[in-house]
Amino acid sequence: MSVELIGHEPQELYEPEPPAISVRHLWHRYGSFDVLRDVNFEVGHGEIFGFIGPNGAGKTTTIRIMATLLEPMAGRVEIDGIDVAIDPDDVRKIIGYMPDHAGVYERITIREYLEFFADSFQVASIEVVDAVIELTDLGNLQNRLVADLSKGMKQRLQLARILLHDPKVLILDEPASDLDPRARIEIRDLLLELRELGKTVLLSSHILTELSDVCTSIGIMERGQIVVSGPLDEIADRLEAQRAANAIGHQMPGAPGMPGGAAVPVPAAVQPADAAPTTQRIPETGAAAQPAPSPAADGPQYTDGGAAIPQAASKRLKLRVLGDARAVVPLLAGGAGIVSVEPAAAGHLTVQYHGNDQYVADVVRHLVNSGVLVVSVEPERNELERIFLEYTRGDLA
Ligand SMILES: Nc1ncnc2c1ncn2[C@@H]1O[C@H](COP(=O)(O)OP(=O)(O)O)[C@@H](O)[C@H]1O
Ligand SMILES: [Mg+2]
């Protein structure tokens, strides 16, 4: 009896559950062009994973491999532990795949459309169609012709179709592209509902903010490589840690013997040219104990996908002032820590900078002292946008 227990139970207890999606060292090539170059990421169960990147990055290729429509040339892709190359049929049973430009049969009603697919998927009970119609909120339209549906409704019908066989993992290629804001919100709500039902969702997008607020984790792809991936909060924490490390890296070389309290770089150069430099500036080079204490001295860091992570993380700030925003530009541009200053209409400005809250406070004080009427100062709120800016090389849509 005890032998039985030892033989079976521990194994069941300790065997780790495979992730919903696992992509390992995936390569793909069209002709002589490497579209996917060692792509690695994982999606945990119950996540809504945003697969983000510009057109041509390789998202659809990766997705088609996950959906068993394309064989990986190298590497391994598993859905819920099932290898797409070894057991494609089993994978198809547990995924719901919505291609990017799927057509729909137009000359039948919504109900007929779903019944047709329920039949071809050999769904056990026709009641499933009712359940899916209810879930996707297509009840009022079920007797309408598919041809009469709006784009957003057609997209919802596609989602309804891929839910008929109750898949665990949904793989949606650009589900929100070309949708109007209302339809996008409706899709978003539906995704959240599906997550409540225990589904895992991977959705791709070339527009960063399209469905970003539903994602619990992301992977950013650029030129066939994953630049960064993981749960959003973990990535944000990593960025913070990296930022802290960078700040230390900046202080140490140029400031031997500098008291710890003076360590915060303050925006000396945002002072007007004629103002007395009341703030301290951390020397970029100087009495250095190390040979080349520039930010690059640490050497570049690389992500799993092999892409370089920018050394210093920059942030963005939205300012609104009374009067012409362009008048503010000379007060900030070229200042220490300022990356860019972009004026816009109605007194709005976007300032990209390196620094902490103290830095922001100093910038605001400097503007106020210079006679600028500051109405609002808003740190960038969109975490995803920030991550995106900091991990990509600026050539993204
Ligand atoms: N069947 C194909 N034959 C040749 N090149 C292709 C094919 N499909 C896609 N590509 C190229 O591969 C790259 C990645 O495409 P894709 O995976 O569709 O990216 P995304 O979905 O991120 O826009 C693009 O440069 C595209 O032109
Ligand atoms: Mg695509």
# chains A, B, ... in the order shown; residues from 1 in each chain; ligands from 1
$ residues_around --residues "region 155-170 of chain A" --least-positions-apart "6" --cutoff "8 Å" --atoms "only C-alpha atoms" --output "list in words"
Ala20, Ile79, Lys93, Ile94, Ile95, Gly96, Tyr97, Met98, Val104, Ile110, Leu114, Phe117, Ala118, Phe121, Val123, Val128, Val129, Val132, Ile133, Thr136, Leu138, Ile187, Gly198, Lys199, Thr200, Val201 and Leu202 of chain A
$ write_last_selection --atoms "N, CA and C atoms" --output "PDB file, in the first residue's frame"
ATOM      1  N   ALA A  20       0.387  27.311 -20.643  1.00  0.00           N
ATOM      2  CA  ALA A  20      -0.626  27.239 -21.692  1.00  0.00           C
ATOM      3  C   ALA A  20       0.042  27.274 -23.068  1.00  0.00           C
ATOM      4  N   ILE A  79       1.406  23.667 -26.832  1.00  0.00           N
ATOM      5  CA  ILE A  79       0.192  24.260 -26.303  1.00  0.00           C
ATOM      6  C   ILE A  79      -0.291  23.321 -25.201  1.00  0.00           C
ATOM      7  N   LYS A  93      -7.677  20.536 -31.062  1.00  0.00           N
ATOM      8  CA  LYS A  93      -8.861  20.338 -30.209  1.00  0.00           C
ATOM      9  C   LYS A  93      -8.901  21.319 -29.043  1.00  0.00           C
ATOM     10  N   ILE A  94      -7.736  21.797 -28.641  1.00  0.00           N
ATOM     11  CA  ILE A  94      -7.747  22.650 -27.441  1.00  0.00           C
ATOM     12  C   ILE A  94      -7.511  24.121 -27.748  1.00  0.00           C
ATOM     13  N   ILE A  95      -7.320  24.443 -29.025  1.00  0.00           N
ATOM     14  CA  ILE A  95      -7.152  25.860 -29.342  1.00  0.00           C
ATOM     15  C   ILE A  95      -8.326  26.394 -30.155  1.00  0.00           C
ATOM     16  N   GLY A  96      -8.554  27.677 -29.999  1.00  0.00           N
ATOM     17  CA  GLY A  96      -9.471  28.380 -30.876  1.00  0.00           C
ATOM     18  C   GLY A  96      -8.640  29.425 -31.586  1.00  0.00           C
ATOM     19  N   TYR A  97      -8.548  29.315 -32.906  1.00  0.00           N
ATOM     20  CA  TYR A  97      -7.666  30.207 -33.660  1.00  0.00           C
ATOM     21  C   TYR A  97      -8.475  31.119 -34.562  1.00  0.00           C
ATOM     22  N   MET A  98      -8.221  32.391 -34.426  1.00  0.00           N
ATOM     23  CA  MET A  98      -8.887  33.346 -35.304  1.00  0.00           C
ATOM     24  C   MET A  98      -7.828  34.038 -36.156  1.00  0.00           C
ATOM     25  N   VAL A 104     -16.080  35.491 -43.694  1.00  0.00           N
ATOM     26  CA  VAL A 104     -17.218  34.762 -43.136  1.00  0.00           C
ATOM     27  C   VAL A 104     -18.188  34.459 -44.271  1.00  0.00           C
ATOM     28  N   ILE A 110     -26.757  34.285 -38.788  1.00  0.00           N
ATOM     29  CA  ILE A 110     -25.767  34.046 -37.736  1.00  0.00           C
ATOM     30  C   ILE A 110     -25.967  32.680 -37.092  1.00  0.00           C
ATOM     31  N   LEU A 114     -23.330  29.499 -37.156  1.00  0.00           N
ATOM     32  CA  LEU A 114     -22.776  28.831 -35.983  1.00  0.00           C
ATOM     33  C   LEU A 114     -23.195  27.356 -35.931  1.00  0.00           C
ATOM     34  N   PHE A 117     -20.930  25.405 -38.224  1.00  0.00           N
ATOM     35  CA  PHE A 117     -19.603  25.106 -37.668  1.00  0.00           C
ATOM     36  C   PHE A 117     -19.683  24.145 -36.486  1.00  0.00           C
ATOM     37  N   ALA A 118     -20.750  24.265 -35.696  1.00  0.00           N
ATOM     38  CA  ALA A 118     -20.906  23.329 -34.571  1.00  0.00           C
ATOM     39  C   ALA A 118     -20.982  21.907 -35.118  1.00  0.00           C
ATOM     40  N   PHE A 121     -17.562  20.827 -36.463  1.00  0.00           N
ATOM     41  CA  PHE A 121     -16.641  20.535 -35.356  1.00  0.00           C
ATOM     42  C   PHE A 121     -17.119  19.333 -34.546  1.00  0.00           C
ATOM     43  N   VAL A 123     -19.598  19.149 -32.531  1.00  0.00           N
ATOM     44  CA  VAL A 123     -19.940  19.548 -31.172  1.00  0.00           C
ATOM     45  C   VAL A 123     -21.136  18.706 -30.723  1.00  0.00           C
ATOM     46  N   VAL A 128     -24.927  24.115 -27.335  1.00  0.00           N
ATOM     47  CA  VAL A 128     -23.678  24.884 -27.272  1.00  0.00           C
ATOM     48  C   VAL A 128     -23.821  26.171 -28.083  1.00  0.00           C
ATOM     49  N   VAL A 129     -24.518  26.067 -29.213  1.00  0.00           N
ATOM     50  CA  VAL A 129     -24.706  27.251 -30.056  1.00  0.00           C
ATOM     51  C   VAL A 129     -25.434  28.340 -29.268  1.00  0.00           C
ATOM     52  N   VAL A 132     -23.066  29.894 -26.774  1.00  0.00           N
ATOM     53  CA  VAL A 132     -22.072  30.766 -27.399  1.00  0.00           C
ATOM     54  C   VAL A 132     -22.727  32.060 -27.887  1.00  0.00           C
ATOM     55  N   ILE A 133     -23.941  31.944 -28.425  1.00  0.00           N
ATOM     56  CA  ILE A 133     -24.664  33.146 -28.871  1.00  0.00           C
ATOM     57  C   ILE A 133     -24.904  34.073 -27.683  1.00  0.00           C
ATOM     58  N   THR A 136     -21.513  35.687 -26.487  1.00  0.00           N
ATOM     59  CA  THR A 136     -20.993  36.724 -27.376  1.00  0.00           C
ATOM     60  C   THR A 136     -22.050  37.799 -27.671  1.00  0.00           C
ATOM     61  N   LEU A 138     -24.907  37.812 -29.198  1.00  0.00           N
ATOM     62  CA  LEU A 138     -25.386  37.903 -30.576  1.00  0.00           C
ATOM     63  C   LEU A 138     -26.868  37.509 -30.687  1.00  0.00           C
ATOM     64  N   ILE A 187     -15.143  43.856 -27.667  1.00  0.00           N
ATOM     65  CA  ILE A 187     -14.231  42.700 -27.770  1.00  0.00           C
ATOM     66  C   ILE A 187     -13.434  42.577 -26.473  1.00  0.00           C
ATOM     67  N   GLY A 198     -11.847  30.926 -17.460  1.00  0.00           N
ATOM     68  CA  GLY A 198     -10.656  30.086 -17.318  1.00  0.00           C
ATOM     69  C   GLY A 198      -9.846  29.907 -18.587  1.00  0.00           C
ATOM     70  N   LYS A 199     -10.197  30.660 -19.630  1.00  0.00           N
ATOM     71  CA  LYS A 199      -9.452  30.510 -20.885  1.00  0.00           C
ATOM     72  C   LYS A 199      -8.149  31.315 -20.830  1.00  0.00           C
ATOM     73  N   THR A 200      -7.214  30.859 -21.630  1.00  0.00           N
ATOM     74  CA  THR A 200      -5.994  31.627 -21.839  1.00  0.00           C
ATOM     75  C   THR A 200      -6.117  32.277 -23.209  1.00  0.00           C
ATOM     76  N   VAL A 201      -5.736  33.537 -23.306  1.00  0.00           N
ATOM     77  CA  VAL A 201      -5.890  34.236 -24.580  1.00  0.00           C
ATOM     78  C   VAL A 201      -4.544  34.810 -25.020  1.00  0.00           C
ATOM     79  N   LEU A 202      -4.174  34.540 -26.252  1.00  0.00           N
ATOM     80  CA  LEU A 202      -3.052  35.254 -26.860  1.00  0.00           C
ATOM     81  C   LEU A 202      -3.642  36.094 -27.974  1.00  0.00           C
TER      82      LEU A 202
END
$ closest_atom_pairs --of "chain A" --to "ligand 2" --cutoff "8 Å" --atoms "only C-alpha atoms and all ligand atoms" --output "Markdown table"
| residue | atom | partner | partner_atom_place_in_ligand_line | distance |
| --- | --- | --- | --- | --- |
| A:Asn55 | CA | ligand 2 | 1 (Mg) | 6.3 |
| A:Gly56 | CA | ligand 2 | 1 (Mg) | 6.8 |
| A:Ala57 | CA | ligand 2 | 1 (Mg) | 7.9 |
| A:Gly58 | CA | ligand 2 | 1 (Mg) | 6.9 |
| A:Lys59 | CA | ligand 2 | 1 (Mg) | 5.4 |
| A:Thr60 | CA | ligand 2 | 1 (Mg) | 4.1 |
| A:Thr61 | CA | ligand 2 | 1 (Mg) | 7.4 |
| A:Asp100 | CA | ligand 2 | 1 (Mg) | 6.6 |
| A:Asp173 | CA | ligand 2 | 1 (Mg) | 6.7 |
| A:Glu174 | CA | ligand 2 | 1 (Mg) | 6.9 |
| A:Ser204 | CA | ligand 2 | 1 (Mg) | 7.6 |
| A:Ser205 | CA | ligand 2 | 1 (Mg) | 7.8 |
| A:His206 | CA | ligand 2 | 1 (Mg) | 7.9 |
$ write_last_selection --atoms "N, CA and C atoms" --output "PDB file, in the first residue's frame"
ATOM      1  N   ASN A  55       4.099  45.764 -38.015  1.00  0.00           N
ATOM      2  CA  ASN A  55       3.833  44.893 -39.159  1.00  0.00           C
ATOM      3  C   ASN A  55       5.145  44.323 -39.668  1.00  0.00           C
ATOM      4  N   GLY A  56       5.124  43.050 -39.961  1.00  0.00           N
ATOM      5  CA  GLY A  56       6.328  42.417 -40.502  1.00  0.00           C
ATOM      6  C   GLY A  56       7.269  41.863 -39.444  1.00  0.00           C
ATOM      7  N   ALA A  57       6.913  42.006 -38.166  1.00  0.00           N
ATOM      8  CA  ALA A  57       7.804  41.546 -37.094  1.00  0.00           C
ATOM      9  C   ALA A  57       7.893  40.020 -37.030  1.00  0.00           C
ATOM     10  N   GLY A  58       6.822  39.352 -37.446  1.00  0.00           N
ATOM     11  CA  GLY A  58       6.816  37.885 -37.394  1.00  0.00           C
ATOM     12  C   GLY A  58       5.726  37.321 -36.498  1.00  0.00           C
ATOM     13  N   LYS A  59       4.774  38.158 -36.106  1.00  0.00           N
ATOM     14  CA  LYS A  59       3.711  37.702 -35.205  1.00  0.00           C
ATOM     15  C   LYS A  59       2.841  36.635 -35.865  1.00  0.00           C
ATOM     16  N   THR A  60       2.361  36.951 -37.063  1.00  0.00           N
ATOM     17  CA  THR A  60       1.464  36.008 -37.741  1.00  0.00           C
ATOM     18  C   THR A  60       2.167  34.685 -38.005  1.00  0.00           C
ATOM     19  N   THR A  61       3.435  34.745 -38.372  1.00  0.00           N
ATOM     20  CA  THR A  61       4.189  33.507 -38.599  1.00  0.00           C
ATOM     21  C   THR A  61       4.231  32.674 -37.321  1.00  0.00           C
ATOM     22  N   ASP A 100      -6.018  36.541 -39.046  1.00  0.00           N
ATOM     23  CA  ASP A 100      -6.103  38.004 -39.118  1.00  0.00           C
ATOM     24  C   ASP A 100      -7.130  38.504 -40.124  1.00  0.00           C
ATOM     25  N   ASP A 173      -5.380  36.552 -33.971  1.00  0.00           N
ATOM     26  CA  ASP A 173      -4.429  37.373 -34.720  1.00  0.00           C
ATOM     27  C   ASP A 173      -5.080  38.710 -35.071  1.00  0.00           C
ATOM     28  N   GLU A 174      -4.608  39.759 -34.466  1.00  0.00           N
ATOM     29  CA  GLU A 174      -5.110  41.125 -34.692  1.00  0.00           C
ATOM     30  C   GLU A 174      -6.636  41.205 -34.581  1.00  0.00           C
ATOM     31  N   SER A 204      -2.682  39.218 -30.846  1.00  0.00           N
ATOM     32  CA  SER A 204      -1.596  40.014 -31.410  1.00  0.00           C
ATOM     33  C   SER A 204      -2.133  41.378 -31.797  1.00  0.00           C
ATOM     34  N   SER A 205      -1.212  42.325 -31.852  1.00  0.00           N
ATOM     35  CA  SER A 205      -1.590  43.659 -32.294  1.00  0.00           C
ATOM     36  C   SER A 205      -0.359  44.423 -32.746  1.00  0.00           C
ATOM     37  N   HIS A 206      -0.527  45.217 -33.800  1.00  0.00           N
ATOM     38  CA  HIS A 206       0.589  46.089 -34.175  1.00  0.00           C
ATOM     39  C   HIS A 206       0.350  47.484 -33.629  1.00  0.00           C
TER      40      HIS A 206
END
$ select_by_dssp --residues "region 25-91 of chain A" --states "strand (DSSP E)" --output "PyMOL selection string"
chain A and resi 25-30+33-43+48-52+74-79+82-83
$ closest_residue --among "A:Glu106, A:Asp178, A:Glu385, A:Glu222" --to "ligand 1" --atoms "only C-alpha atoms and all ligand atoms"
A:Glu222
$ select_by_dssp --residues "region 74-185 of chain A" --states "helix (DSSP H, G or I)" --output "PDB file with N, CA and C atoms, in the first residue's frame"
ATOM      1  N   PRO A  88      -0.390  17.615 -33.870  1.00  0.00           N
ATOM      2  CA  PRO A  88      -1.193  18.774 -34.294  1.00  0.00           C
ATOM      3  C   PRO A  88      -2.691  18.584 -34.093  1.00  0.00           C
ATOM      4  N   ASP A  89      -3.181  17.348 -34.276  1.00  0.00           N
ATOM      5  CA  ASP A  89      -4.624  17.123 -34.123  1.00  0.00           C
ATOM      6  C   ASP A  89      -5.073  17.407 -32.700  1.00  0.00           C
ATOM      7  N   ASP A  90      -4.259  16.960 -31.736  1.00  0.00           N
ATOM      8  CA  ASP A  90      -4.616  17.197 -30.333  1.00  0.00           C
ATOM      9  C   ASP A  90      -4.556  18.683 -30.010  1.00  0.00           C
ATOM     10  N   VAL A  91      -3.599  19.369 -30.616  1.00  0.00           N
ATOM     11  CA  VAL A  91      -3.500  20.809 -30.371  1.00  0.00           C
ATOM     12  C   VAL A  91      -4.751  21.508 -30.883  1.00  0.00           C
ATOM     13  N   ARG A  92      -5.198  21.115 -32.078  1.00  0.00           N
ATOM     14  CA  ARG A  92      -6.370  21.772 -32.681  1.00  0.00           C
ATOM     15  C   ARG A  92      -7.611  21.636 -31.811  1.00  0.00           C
ATOM     16  N   LYS A  93      -7.677  20.536 -31.062  1.00  0.00           N
ATOM     17  CA  LYS A  93      -8.861  20.338 -30.209  1.00  0.00           C
ATOM     18  C   LYS A  93      -8.901  21.319 -29.043  1.00  0.00           C
ATOM     19  N   ILE A  94      -7.736  21.797 -28.641  1.00  0.00           N
ATOM     20  CA  ILE A  94      -7.747  22.650 -27.441  1.00  0.00           C
ATOM     21  C   ILE A  94      -7.511  24.121 -27.748  1.00  0.00           C
ATOM     22  N   ILE A 110     -26.757  34.285 -38.788  1.00  0.00           N
ATOM     23  CA  ILE A 110     -25.767  34.046 -37.736  1.00  0.00           C
ATOM     24  C   ILE A 110     -25.967  32.680 -37.092  1.00  0.00           C
ATOM     25  N   ARG A 111     -27.213  32.364 -36.814  1.00  0.00           N
ATOM     26  CA  ARG A 111     -27.477  31.059 -36.192  1.00  0.00           C
ATOM     27  C   ARG A 111     -27.075  29.917 -37.128  1.00  0.00           C
ATOM     28  N   GLU A 112     -27.453  30.072 -38.401  1.00  0.00           N
ATOM     29  CA  GLU A 112     -27.079  29.021 -39.370  1.00  0.00           C
ATOM     30  C   GLU A 112     -25.561  28.868 -39.455  1.00  0.00           C
ATOM     31  N   TYR A 113     -24.907  30.001 -39.441  1.00  0.00           N
ATOM     32  CA  TYR A 113     -23.443  29.997 -39.523  1.00  0.00           C
ATOM     33  C   TYR A 113     -22.861  29.201 -38.357  1.00  0.00           C
ATOM     34  N   LEU A 114     -23.330  29.499 -37.156  1.00  0.00           N
ATOM     35  CA  LEU A 114     -22.776  28.831 -35.983  1.00  0.00           C
ATOM     36  C   LEU A 114     -23.195  27.356 -35.931  1.00  0.00           C
ATOM     37  N   GLU A 115     -24.414  27.079 -36.357  1.00  0.00           N
ATOM     38  CA  GLU A 115     -24.852  25.671 -36.368  1.00  0.00           C
ATOM     39  C   GLU A 115     -24.033  24.860 -37.369  1.00  0.00           C
ATOM     40  N   PHE A 116     -23.742  25.500 -38.487  1.00  0.00           N
ATOM     41  CA  PHE A 116     -22.923  24.822 -39.495  1.00  0.00           C
ATOM     42  C   PHE A 116     -21.562  24.441 -38.913  1.00  0.00           C
ATOM     43  N   PHE A 117     -20.930  25.405 -38.224  1.00  0.00           N
ATOM     44  CA  PHE A 117     -19.603  25.106 -37.668  1.00  0.00           C
ATOM     45  C   PHE A 117     -19.683  24.145 -36.486  1.00  0.00           C
ATOM     46  N   ALA A 118     -20.750  24.265 -35.696  1.00  0.00           N
ATOM     47  CA  ALA A 118     -20.906  23.329 -34.571  1.00  0.00           C
ATOM     48  C   ALA A 118     -20.982  21.907 -35.118  1.00  0.00           C
ATOM     49  N   ASP A 119     -21.688  21.789 -36.232  1.00  0.00           N
ATOM     50  CA  ASP A 119     -21.838  20.486 -36.870  1.00  0.00           C
ATOM     51  C   ASP A 119     -20.497  19.983 -37.402  1.00  0.00           C
ATOM     52  N   SER A 120     -19.786  20.868 -38.068  1.00  0.00           N
ATOM     53  CA  SER A 120     -18.521  20.412 -38.659  1.00  0.00           C
ATOM     54  C   SER A 120     -17.445  20.174 -37.594  1.00  0.00           C
ATOM     55  N   GLU A 127     -27.117  22.792 -28.123  1.00  0.00           N
ATOM     56  CA  GLU A 127     -27.287  23.825 -27.094  1.00  0.00           C
ATOM     57  C   GLU A 127     -26.043  24.686 -26.934  1.00  0.00           C
ATOM     58  N   VAL A 128     -24.927  24.115 -27.335  1.00  0.00           N
ATOM     59  CA  VAL A 128     -23.678  24.884 -27.272  1.00  0.00           C
ATOM     60  C   VAL A 128     -23.821  26.171 -28.083  1.00  0.00           C
ATOM     61  N   VAL A 129     -24.518  26.067 -29.213  1.00  0.00           N
ATOM     62  CA  VAL A 129     -24.706  27.251 -30.056  1.00  0.00           C
ATOM     63  C   VAL A 129     -25.434  28.340 -29.268  1.00  0.00           C
ATOM     64  N   ASP A 130     -26.479  27.939 -28.545  1.00  0.00           N
ATOM     65  CA  ASP A 130     -27.211  28.920 -27.731  1.00  0.00           C
ATOM     66  C   ASP A 130     -26.288  29.568 -26.706  1.00  0.00           C
ATOM     67  N   ALA A 131     -25.486  28.725 -26.060  1.00  0.00           N
ATOM     68  CA  ALA A 131     -24.594  29.239 -25.025  1.00  0.00           C
ATOM     69  C   ALA A 131     -23.599  30.236 -25.616  1.00  0.00           C
ATOM     70  N   VAL A 132     -23.066  29.894 -26.774  1.00  0.00           N
ATOM     71  CA  VAL A 132     -22.072  30.766 -27.399  1.00  0.00           C
ATOM     72  C   VAL A 132     -22.727  32.060 -27.887  1.00  0.00           C
ATOM     73  N   ILE A 133     -23.941  31.944 -28.425  1.00  0.00           N
ATOM     74  CA  ILE A 133     -24.664  33.146 -28.871  1.00  0.00           C
ATOM     75  C   ILE A 133     -24.904  34.073 -27.683  1.00  0.00           C
ATOM     76  N   GLU A 134     -25.226  33.463 -26.553  1.00  0.00           N
ATOM     77  CA  GLU A 134     -25.477  34.283 -25.373  1.00  0.00           C
ATOM     78  C   GLU A 134     -24.189  34.943 -24.884  1.00  0.00           C
ATOM     79  N   LEU A 135     -23.142  34.138 -24.819  1.00  0.00           N
ATOM     80  CA  LEU A 135     -21.860  34.648 -24.339  1.00  0.00           C
ATOM     81  C   LEU A 135     -21.359  35.810 -25.191  1.00  0.00           C
ATOM     82  N   GLY A 139     -27.517  37.353 -29.540  1.00  0.00           N
ATOM     83  CA  GLY A 139     -28.902  36.873 -29.510  1.00  0.00           C
ATOM     84  C   GLY A 139     -29.854  37.667 -30.386  1.00  0.00           C
ATOM     85  N   ASN A 140     -29.781  38.981 -30.283  1.00  0.00           N
ATOM     86  CA  ASN A 140     -30.710  39.819 -31.047  1.00  0.00           C
ATOM     87  C   ASN A 140     -30.495  39.726 -32.545  1.00  0.00           C
ATOM     88  N   LEU A 141     -29.300  39.291 -32.905  1.00  0.00           N
ATOM     89  CA  LEU A 141     -28.947  39.313 -34.324  1.00  0.00           C
ATOM     90  C   LEU A 141     -28.984  37.930 -34.958  1.00  0.00           C
ATOM     91  N   VAL A 146     -25.436  37.244 -42.157  1.00  0.00           N
ATOM     92  CA  VAL A 146     -24.064  37.607 -41.808  1.00  0.00           C
ATOM     93  C   VAL A 146     -23.615  38.828 -42.611  1.00  0.00           C
ATOM     94  N   ALA A 147     -24.047  38.882 -43.876  1.00  0.00           N
ATOM     95  CA  ALA A 147     -23.650  39.983 -44.756  1.00  0.00           C
ATOM     96  C   ALA A 147     -24.034  41.348 -44.185  1.00  0.00           C
ATOM     97  N   ASP A 148     -25.103  41.382 -43.374  1.00  0.00           N
ATOM     98  CA  ASP A 148     -25.593  42.665 -42.860  1.00  0.00           C
ATOM     99  C   ASP A 148     -24.854  43.140 -41.610  1.00  0.00           C
ATOM    100  N   LYS A 151     -18.519  45.348 -39.067  1.00  0.00           N
ATOM    101  CA  LYS A 151     -17.215  44.709 -38.929  1.00  0.00           C
ATOM    102  C   LYS A 151     -16.999  44.152 -37.510  1.00  0.00           C
ATOM    103  N   GLY A 152     -17.404  44.963 -36.539  1.00  0.00           N
ATOM    104  CA  GLY A 152     -17.252  44.545 -35.149  1.00  0.00           C
ATOM    105  C   GLY A 152     -18.085  43.310 -34.840  1.00  0.00           C
ATOM    106  N   MET A 153     -19.290  43.285 -35.396  1.00  0.00           N
ATOM    107  CA  MET A 153     -20.178  42.139 -35.178  1.00  0.00           C
ATOM    108  C   MET A 153     -19.617  40.890 -35.858  1.00  0.00           C
ATOM    109  N   LYS A 154     -19.071  41.082 -37.048  1.00  0.00           N
ATOM    110  CA  LYS A 154     -18.477  39.936 -37.738  1.00  0.00           C
ATOM    111  C   LYS A 154     -17.306  39.376 -36.927  1.00  0.00           C
ATOM    112  N   GLN A 155     -16.570  40.286 -36.338  1.00  0.00           N
ATOM    113  CA  GLN A 155     -15.439  39.853 -35.521  1.00  0.00           C
ATOM    114  C   GLN A 155     -15.941  39.047 -34.313  1.00  0.00           C
ATOM    115  N   ARG A 156     -17.062  39.517 -33.753  1.00  0.00           N
ATOM    116  CA  ARG A 156     -17.641  38.793 -32.617  1.00  0.00           C
ATOM    117  C   ARG A 156     -18.166  37.424 -33.047  1.00  0.00           C
ATOM    118  N   LEU A 157     -18.692  37.389 -34.257  1.00  0.00           N
ATOM    119  CA  LEU A 157     -19.169  36.109 -34.791  1.00  0.00           C
ATOM    120  C   LEU A 157     -17.988  35.136 -34.967  1.00  0.00           C
ATOM    121  N   GLN A 158     -16.869  35.667 -35.425  1.00  0.00           N
ATOM    122  CA  GLN A 158     -15.665  34.826 -35.554  1.00  0.00           C
ATOM    123  C   GLN A 158     -15.264  34.264 -34.199  1.00  0.00           C
ATOM    124  N   LEU A 159     -15.332  35.130 -33.197  1.00  0.00           N
ATOM    125  CA  LEU A 159     -14.987  34.673 -31.848  1.00  0.00           C
ATOM    126  C   LEU A 159     -15.962  33.593 -31.392  1.00  0.00           C
ATOM    127  N   ALA A 160     -17.239  33.819 -31.693  1.00  0.00           N
ATOM    128  CA  ALA A 160     -18.258  32.830 -31.327  1.00  0.00           C
ATOM    129  C   ALA A 160     -17.934  31.485 -31.989  1.00  0.00           C
ATOM    130  N   ARG A 161     -17.545  31.555 -33.245  1.00  0.00           N
ATOM    131  CA  ARG A 161     -17.245  30.324 -33.989  1.00  0.00           C
ATOM    132  C   ARG A 161     -16.117  29.528 -33.336  1.00  0.00           C
ATOM    133  N   ILE A 162     -15.059  30.248 -32.909  1.00  0.00           N
ATOM    134  CA  ILE A 162     -13.919  29.493 -32.364  1.00  0.00           C
ATOM    135  C   ILE A 162     -14.146  29.054 -30.916  1.00  0.00           C
ATOM    136  N   LEU A 163     -15.294  29.463 -30.350  1.00  0.00           N
ATOM    137  CA  LEU A 163     -15.596  29.036 -28.977  1.00  0.00           C
ATOM    138  C   LEU A 163     -16.446  27.769 -28.941  1.00  0.00           C
ATOM    139  N   PRO A 181     -14.056  52.210 -32.016  1.00  0.00           N
ATOM    140  CA  PRO A 181     -13.820  52.161 -30.574  1.00  0.00           C
ATOM    141  C   PRO A 181     -14.854  51.345 -29.811  1.00  0.00           C
ATOM    142  N   ARG A 182     -16.116  51.459 -30.210  1.00  0.00           N
ATOM    143  CA  ARG A 182     -17.149  50.715 -29.478  1.00  0.00           C
ATOM    144  C   ARG A 182     -16.945  49.205 -29.626  1.00  0.00           C
ATOM    145  N   ALA A 183     -16.707  48.789 -30.856  1.00  0.00           N
ATOM    146  CA  ALA A 183     -16.514  47.347 -31.099  1.00  0.00           C
ATOM    147  C   ALA A 183     -15.280  46.851 -30.359  1.00  0.00           C
ATOM    148  N   ARG A 184     -14.273  47.707 -30.283  1.00  0.00           N
ATOM    149  CA  ARG A 184     -13.042  47.327 -29.592  1.00  0.00           C
ATOM    150  C   ARG A 184     -13.312  47.122 -28.099  1.00  0.00           C
ATOM    151  N   ILE A 185     -14.102  48.016 -27.547  1.00  0.00           N
ATOM    152  CA  ILE A 185     -14.439  47.894 -26.122  1.00  0.00           C
ATOM    153  C   ILE A 185     -15.242  46.619 -25.893  1.00  0.00           C
TER     154      ILE A 185
END
